[in-house]
>>> print(open('entry.pdb').read())   # PDB, C-alpha atoms
ATOM      1  CA  MET A 104      12.942  17.946  39.085
ATOM      2  CA  VAL A 105      10.481  19.045  41.750
ATOM      3  CA  PRO A 106      11.625  22.275  43.445
ATOM      4  CA  VAL A 107      12.366  22.012  47.146
ATOM      5  CA  GLU A 108       9.672  24.551  48.021
ATOM      6  CA  TYR A 109       6.946  22.033  47.192
ATOM      7  CA  TYR A 110       8.440  19.559  49.641
ATOM      8  CA  LEU A 111       8.591  22.279  52.266
ATOM      9  CA  LEU A 112       4.937  23.100  51.698
ATOM     10  CA  LEU A 113       3.980  19.420  51.933
ATOM     11  CA  SER A 114       5.947  18.903  55.133
ATOM     12  CA  SER A 115       4.466  22.081  56.650
ATOM     13  CA  ALA A 116       0.976  20.782  55.898
ATOM     14  CA  ILE A 117       1.687  17.353  57.380
ATOM     15  CA  PHE A 118       3.325  18.883  60.443
ATOM     16  CA  CYS A 119       0.341  21.144  61.049
ATOM     17  CA  ILE A 120      -2.096  18.254  60.608
ATOM     18  CA  GLY A 121      -0.105  16.383  63.267
ATOM     19  CA  LEU A 122      -0.078  19.424  65.519
ATOM     20  CA  PHE A 123      -3.831  19.808  65.036
ATOM     21  CA  GLY A 124      -4.284  16.190  66.135
ATOM     22  CA  VAL A 125      -2.059  16.589  69.191
ATOM     23  CA  LEU A 126      -3.876  19.741  70.293
ATOM     24  CA  THR A 127      -7.452  18.628  69.708
ATOM     25  CA  ARG A 128      -7.620  14.855  70.202
ATOM     26  CA  ARG A 129      -7.994  13.186  73.594
ATOM     27  CA  ASN A 130      -7.618   9.579  72.502
ATOM     28  CA  ALA A 131      -4.058   8.419  73.189
ATOM     29  CA  LEU A 132      -3.876   6.378  69.985
ATOM     30  CA  TYR A 133      -4.768   9.421  67.874
ATOM     31  CA  PHE A 134      -2.144  11.259  69.869
ATOM     32  CA  LEU A 135       0.524   8.744  68.855
ATOM     33  CA  MET A 136      -0.556   8.879  65.213
ATOM     34  CA  SER A 137      -0.363  12.676  65.242
ATOM     35  CA  VAL A 138       3.152  12.606  66.677
ATOM     36  CA  GLU A 139       4.114  10.186  63.911
ATOM     37  CA  LEU A 140       2.789  12.651  61.342
ATOM     38  CA  MET A 141       4.962  15.384  62.823
ATOM     39  CA  LEU A 142       8.043  13.159  62.760
ATOM     40  CA  ASN A 143       7.380  12.189  59.157
ATOM     41  CA  ALA A 144       7.034  15.851  58.216
ATOM     42  CA  ALA A 145      10.559  16.312  59.547
ATOM     43  CA  ASN A 146      11.678  13.306  57.496
ATOM     44  CA  ILE A 147      10.311  14.854  54.304
ATOM     45  CA  ASN A 148      12.349  17.982  55.002
ATOM     46  CA  LEU A 149      15.506  15.988  55.671
ATOM     47  CA  ILE A 150      15.178  13.969  52.488
ATOM     48  CA  ALA A 151      14.209  16.957  50.349
ATOM     49  CA  PHE A 152      17.301  18.873  51.420
ATOM     50  CA  SER A 153      19.439  15.765  51.063
ATOM     51  CA  PHE A 154      18.379  15.705  47.405
ATOM     52  CA  GLN A 155      18.732  19.456  47.082
ATOM     53  CA  TRP A 156      22.396  19.486  48.121
ATOM     54  CA  GLY A 157      23.351  16.042  46.788
ATOM     55  CA  ASN A 158      24.445  14.813  50.212
ATOM     56  CA  LEU A 159      23.276  11.618  51.926
ATOM     57  CA  THR A 160      23.510  12.944  55.476
ATOM     58  CA  GLY A 161      19.842  13.942  55.484
ATOM     59  CA  GLN A 162      18.658  10.540  54.336
ATOM     60  CA  THR A 163      20.769   8.837  56.997
ATOM     61  CA  PHE A 164      19.309  11.170  59.597
ATOM     62  CA  ALA A 165      15.824  10.279  58.386
ATOM     63  CA  LEU A 166      16.629   6.607  59.007
ATOM     64  CA  PHE A 167      17.556   7.447  62.580
ATOM     65  CA  THR A 168      14.333   9.416  62.983
ATOM     66  CA  ILE A 169      12.353   6.390  61.803
ATOM     67  CA  ALA A 170      14.150   4.213  64.356
ATOM     68  CA  LEU A 171      13.438   6.720  67.124
ATOM     69  CA  ALA A 172       9.795   6.885  66.037
ATOM     70  CA  ALA A 173       9.589   3.111  66.365
ATOM     71  CA  ALA A 174      11.048   3.301  69.864
ATOM     72  CA  GLU A 175       8.616   6.065  70.769
ATOM     73  CA  VAL A 176       5.647   4.020  69.547
ATOM     74  CA  ALA A 177       6.807   0.973  71.511
ATOM     75  CA  VAL A 178       6.941   2.957  74.737
ATOM     76  CA  GLY A 179       3.771   4.857  73.845
ATOM     77  CA  ILE A 180       1.721   1.726  73.349
ATOM     78  CA  GLY A 181       3.033   0.388  76.662
ATOM     79  CA  ILE A 182       1.884   3.594  78.336
ATOM     80  CA  ILE A 183      -1.516   3.295  76.638
ATOM     81  CA  LEU A 184      -1.857  -0.257  77.979
ATOM     82  CA  VAL A 185      -1.125   0.932  81.506
ATOM     83  CA  LEU A 186      -3.529   3.841  81.015
ATOM     84  CA  TYR A 187      -6.283   1.445  79.997
ATOM     85  CA  ARG A 188      -5.631  -0.881  82.943
ATOM     86  CA  ASN A 189      -5.658   1.920  85.475
ATOM     87  CA  PHE A 190      -8.441   4.100  84.131
ATOM     88  CA  GLY A 191     -10.486   1.797  81.893
ATOM     89  CA  ASP A 192     -10.096   4.277  79.035
ATOM     90  CA  ILE A 193      -7.370   5.757  76.862
ATOM     91  CA  ASP A 194      -8.463   9.355  77.222
ATOM     92  CA  VAL A 195      -5.315  11.333  78.009
ATOM     93  CA  MET A 196      -7.325  13.765  80.151
ATOM     94  CA  ASP A 197      -8.231  10.997  82.606
ATOM     95  CA  ALA A 198      -4.700  10.613  83.894
ATOM     96  CA  ALA A 199      -4.787  13.771  86.001
ATOM     97  CA  THR A 200      -3.291  12.408  89.235
ATOM     98  CA  MET A 201       0.073  14.126  88.733
ATOM     99  CA  ARG A 202      -1.319  17.221  87.065
ATOM    100  CA  TRP A 203      -0.048  20.425  88.571
TER     101      TRP A 203
ATOM    102  CA  MET B 151     -19.764  28.684  80.477
ATOM    103  CA  SER B 152     -22.282  27.867  77.768
ATOM    104  CA  GLU B 153     -22.002  24.938  75.377
ATOM    105  CA  SER B 154     -21.004  27.162  72.462
ATOM    106  CA  ASP B 155     -18.295  28.805  74.573
ATOM    107  CA  GLU B 156     -16.902  25.369  75.458
ATOM    108  CA  SER B 157     -16.794  24.310  71.815
ATOM    109  CA  VAL B 158     -14.943  27.514  70.924
ATOM    110  CA  VAL B 159     -12.386  26.836  73.678
ATOM    111  CA  ALA B 160     -11.972  23.234  72.472
ATOM    112  CA  LEU B 161     -11.410  24.343  68.881
ATOM    113  CA  SER B 162      -8.990  27.169  69.614
ATOM    114  CA  PRO B 163      -5.858  24.955  69.625
ATOM    115  CA  GLY B 164      -6.905  23.635  66.228
ATOM    116  CA  VAL B 165      -7.233  27.191  64.945
ATOM    117  CA  ALA B 166      -3.701  27.805  66.227
ATOM    118  CA  ALA B 167      -2.445  24.836  64.181
ATOM    119  CA  VAL B 168      -4.166  26.148  61.058
ATOM    120  CA  ALA B 169      -2.711  29.603  61.705
ATOM    121  CA  LEU B 170       0.747  28.080  62.021
ATOM    122  CA  PHE B 171       0.291  26.435  58.631
ATOM    123  CA  GLY B 172      -0.662  29.817  57.207
ATOM    124  CA  VAL B 173       2.548  31.353  58.558
ATOM    125  CA  LEU B 174       4.708  28.461  57.322
ATOM    126  CA  ALA B 175       3.082  28.498  53.890
ATOM    127  CA  ALA B 176       3.619  32.244  53.616
ATOM    128  CA  VAL B 177       7.309  31.813  54.484
ATOM    129  CA  VAL B 178       7.774  28.968  51.998
ATOM    130  CA  VAL B 179       5.976  30.778  49.193
ATOM    131  CA  GLY B 180       8.001  33.887  50.021
ATOM    132  CA  ALA B 181      11.204  31.873  49.690
ATOM    133  CA  ALA B 182      10.135  30.369  46.356
ATOM    134  CA  GLY B 183      12.809  30.858  43.742
ATOM    135  CA  GLY B 184      15.461  31.446  46.378
ATOM    136  CA  PHE B 185      16.880  27.971  46.098
ATOM    137  CA  PRO B 186      19.176  26.840  43.276
ATOM    138  CA  GLU B 187      18.375  23.855  41.067
ATOM    139  CA  PRO B 188      18.612  20.598  43.080
ATOM    140  CA  ASN B 189      22.008  18.906  42.840
ATOM    141  CA  GLY B 190      20.474  15.436  42.999
ATOM    142  CA  PHE B 191      22.528  12.268  43.067
ATOM    143  CA  PRO B 192      24.659  10.679  40.351
ATOM    144  CA  ALA B 193      22.568   8.432  38.113
ATOM    145  CA  ASP B 194      24.941   5.478  38.391
ATOM    146  CA  ALA B 195      25.422   5.652  42.180
ATOM    147  CA  SER B 196      23.533   3.258  44.442
ATOM    148  CA  ILE B 197      21.766   5.213  47.163
ATOM    149  CA  VAL B 198      21.292   2.158  49.368
ATOM    150  CA  HIS B 199      24.952   1.152  49.177
ATOM    151  CA  ASN B 200      26.009   4.674  50.033
ATOM    152  CA  LEU B 201      23.580   4.814  52.949
ATOM    153  CA  GLY B 202      25.168   1.641  54.290
ATOM    154  CA  TYR B 203      28.631   3.132  53.928
ATOM    155  CA  ALA B 204      27.504   6.260  55.778
ATOM    156  CA  LEU B 205      25.847   4.266  58.568
ATOM    157  CA  PHE B 206      28.967   2.206  59.240
ATOM    158  CA  ASP B 207      31.428   5.031  58.576
ATOM    159  CA  ILE B 208      33.086   3.256  55.644
ATOM    160  CA  ASP B 209      34.857   5.568  53.231
ATOM    161  CA  LEU B 210      33.862   3.847  49.988
ATOM    162  CA  GLY B 211      30.838   5.860  48.870
ATOM    163  CA  ASP B 212      30.472   7.935  45.703
ATOM    164  CA  ILE B 213      27.982  10.337  47.318
ATOM    165  CA  PRO B 214      29.261  12.658  50.057
ATOM    166  CA  ALA B 215      27.953  11.925  53.565
ATOM    167  CA  GLU B 216      29.147  12.025  57.135
ATOM    168  CA  GLY B 217      29.948   8.948  59.197
ATOM    169  CA  PHE B 218      27.241   7.807  61.586
ATOM    170  CA  LEU B 219      28.735   4.788  63.338
ATOM    171  CA  ALA B 220      28.515   6.286  66.840
ATOM    172  CA  ALA B 221      24.944   7.469  66.254
ATOM    173  CA  PHE B 222      24.069   4.033  64.885
ATOM    174  CA  LEU B 223      25.285   2.337  68.079
ATOM    175  CA  ILE B 224      23.554   4.858  70.325
ATOM    176  CA  ILE B 225      20.275   4.383  68.461
ATOM    177  CA  ALA B 226      20.689   0.610  68.801
ATOM    178  CA  ILE B 227      20.964   1.012  72.571
ATOM    179  CA  ALA B 228      17.966   3.373  72.583
ATOM    180  CA  LEU B 229      15.908   0.775  70.711
ATOM    181  CA  ASP B 230      16.951  -1.872  73.245
ATOM    182  CA  VAL B 231      15.885   0.393  76.081
ATOM    183  CA  ALA B 232      12.565   1.078  74.343
ATOM    184  CA  LEU B 233      11.934  -2.641  73.875
ATOM    185  CA  ASP B 234      12.694  -3.368  77.523
ATOM    186  CA  SER B 235      10.536  -0.516  78.761
ATOM    187  CA  ALA B 236       7.666  -1.549  76.485
ATOM    188  CA  VAL B 237       7.798  -5.094  77.881
ATOM    189  CA  TYR B 238       8.034  -3.737  81.424
ATOM    190  CA  LEU B 239       5.009  -1.509  80.921
ATOM    191  CA  ALA B 240       2.941  -4.178  79.203
ATOM    192  CA  LYS B 241       3.311  -7.037  81.657
ATOM    193  CA  ARG B 242       0.815  -7.518  84.435
ATOM    194  CA  GLU B 243       1.809  -7.347  88.060
ATOM    195  CA  THR B 244       0.194  -9.097  91.002
ATOM    196  CA  ASP B 245       0.800  -7.909  94.549
ATOM    197  CA  GLY B 246       3.674  -5.758  93.420
ATOM    198  CA  THR B 247       5.637  -8.761  92.166
ATOM    199  CA  ILE B 248       7.238  -8.420  88.756
ATOM    200  CA  ILE B 249       6.230 -11.389  86.648
ATOM    201  CA  SER B 250       8.706 -12.343  83.974
ATOM    202  CA  ALA B 251       7.491 -11.832  80.401
ATOM    203  CA  LEU B 252       9.120 -15.126  79.444
ATOM    204  CA  THR B 253       7.018 -17.389  81.653
ATOM    205  CA  THR B 254       3.739 -18.904  80.522
ATOM    206  CA  GLY B 255       1.383 -16.173  81.574
ATOM    207  CA  GLY B 256       3.177 -15.674  84.844
ATOM    208  CA  SER B 257       2.429 -19.118  86.252
ATOM    209  CA  GLU B 258       4.857 -20.293  88.894
ATOM    210  CA  VAL B 259       7.407 -22.902  87.918
ATOM    211  CA  VAL B 260       7.175 -25.872  90.296
ATOM    212  CA  ASP B 261       9.747 -28.623  90.631
ATOM    213  CA  SER B 262       7.570 -31.242  89.002
ATOM    214  CA  ASP B 263       7.403 -29.158  85.800
ATOM    215  CA  VAL B 264      11.152 -29.287  85.330
ATOM    216  CA  VAL B 265      12.437 -32.306  83.430
ATOM    217  CA  GLY B 266      14.582 -34.650  85.558
ATOM    218  CA  SER B 267      13.637 -33.135  88.902
ATOM    219  CA  SER B 268      11.016 -35.570  90.068
ATOM    220  CA  ASP B 269      13.005 -36.566  93.129
ATOM    221  CA  GLY B 270      13.890 -32.931  93.856
ATOM    222  CA  ASP B 271      17.370 -33.501  95.311
ATOM    223  CA  ALA B 272      20.172 -30.954  95.368
ATOM    224  CA  ALA B 273      22.177 -32.666  92.630
ATOM    225  CA  ASP B 274      19.395 -32.077  90.112
ATOM    226  CA  ASP B 275      19.199 -28.427  91.086
ATOM    227  CA  ALA B 276      22.880 -28.090  90.284
ATOM    228  CA  ASP B 277      22.444 -29.922  86.963
ATOM    229  CA  ARG B 278      19.854 -27.473  85.675
ATOM    230  CA  GLY B 279      21.787 -24.466  86.846
ATOM    231  CA  GLY B 280      19.545 -23.790  89.816
ATOM    232  CA  ASP B 281      20.684 -21.705  92.728
ATOM    233  CA  ALA B 282      19.186 -23.939  95.409
TER     234      ALA B 282
END
>>> encode(input="entry.pdb", output="structure tokens")
Amino acid sequence: MVPVEYYLLLSSAIFCIGLFGVLTRRNALYFLMSVELMLNAANINLIAFSFQWGNLTGQTFALFTIALAAAEVAVGIGIILVLYRNFGDIDVMDAATMRW
Amino acid sequence: MSESDESVVALSPGVAAVALFGVLAAVVVGAAGGFPEPNGFPADASIVHNLGYALFDIDLGDIPAEGFLAAFLIIAIALDVALDSAVYLAKRETDGTIISALTTGGSEVVDSDVVGSSDGDAADDADRGGDA
């Protein structure tokens, strides 16, 4: 059996790749993909510990996370559409009207 | 600010992400060996069946899990809200009027398009459930 530390290392790497994308990319689609990476890193943790303790609660939680990720993408793509209509681009730095 | 300074500023958040991975990796490697052998799941138990039991809060499963019926219903509502908001965001608006996503590209429905309304009297409006 694979020790849980390897899963933790994998999920840390995926989370940090997602964080890197969120912090450095300006394209809203890349933004969404990076957030998905971060959510999936959390899913790996949930499922790894579900296996570690022999309890299905983590796997069920991961299902809910997947559903929430789908909802987030649906709203996110709607926002990207509006961004493109209003600014002619999907650069997140363009939408600065409400920036403090 | 020179071009090289700008590139350094643009890359600094990325360096922060890499640094965070370094910290996380150090913590994980430091905790290596601190966990017991994985319990795993029984070989003859169906994971999918047990997930279904957990989702609907049915007490028939072989693998321990909590009940998630309330969370399941709340997530269902959240997905409905997300679908509605995605449709709302995606549809075009003209002159501030909300155009229904279920019409043919937002074209106006005129009486002659509706079957059985060629004479346009009030009885036909009532027949097709109109509010005229």
>>> resolve_selection(input="entry.pdb", expression="the PyMOL selection byres ((chain B) within 6 of (chain A))", output="PyMOL selection string")
chain B and resi 163-164+167+171+188-191+214-216+229+232+236+239-240
>>> atom_distance(input="entry.pdb", atom1="CA of Asp155 (chain B)", atom2="CA of Val195 (chain A)")
22.0 Å
>>> atom_distance(input="entry.pdb", atom1="CA of Ile193 (chain A)", atom2="CA of Leu135 (chain A)")
11.6 Å
>>> residues_around(input="entry.pdb", residues="Ala195 (chain B)", least_positions_apart="3", cutoff="10 Å", atoms="only C-alpha atoms", output="NGL selection string")
:B and (191-192 or 198-200 or 211-213)
>>> atom_distance(input="entry.pdb", atom1="CA of Met201 (chain A)", atom2="CA of Asn189 (chain A)")
13.9 Å
>>> axis_aligned_box(input="entry.pdb", around="region 143-147 of chain A", padding_each_side="5 Å", output="AutoDock Vina command-line options")
--center_x 9.4 --center_y 14.3 --center_z 56.9 --size_x 14.6 --size_y 14.1 --size_z 15.2
>>> residues_around(input="entry.pdb", residues="region 206-208 of chain B", least_positions_apart="6", cutoff="10 Å", atoms="all atoms listed in the file", output="NGL selection string")
:B and (200 or 215-223)
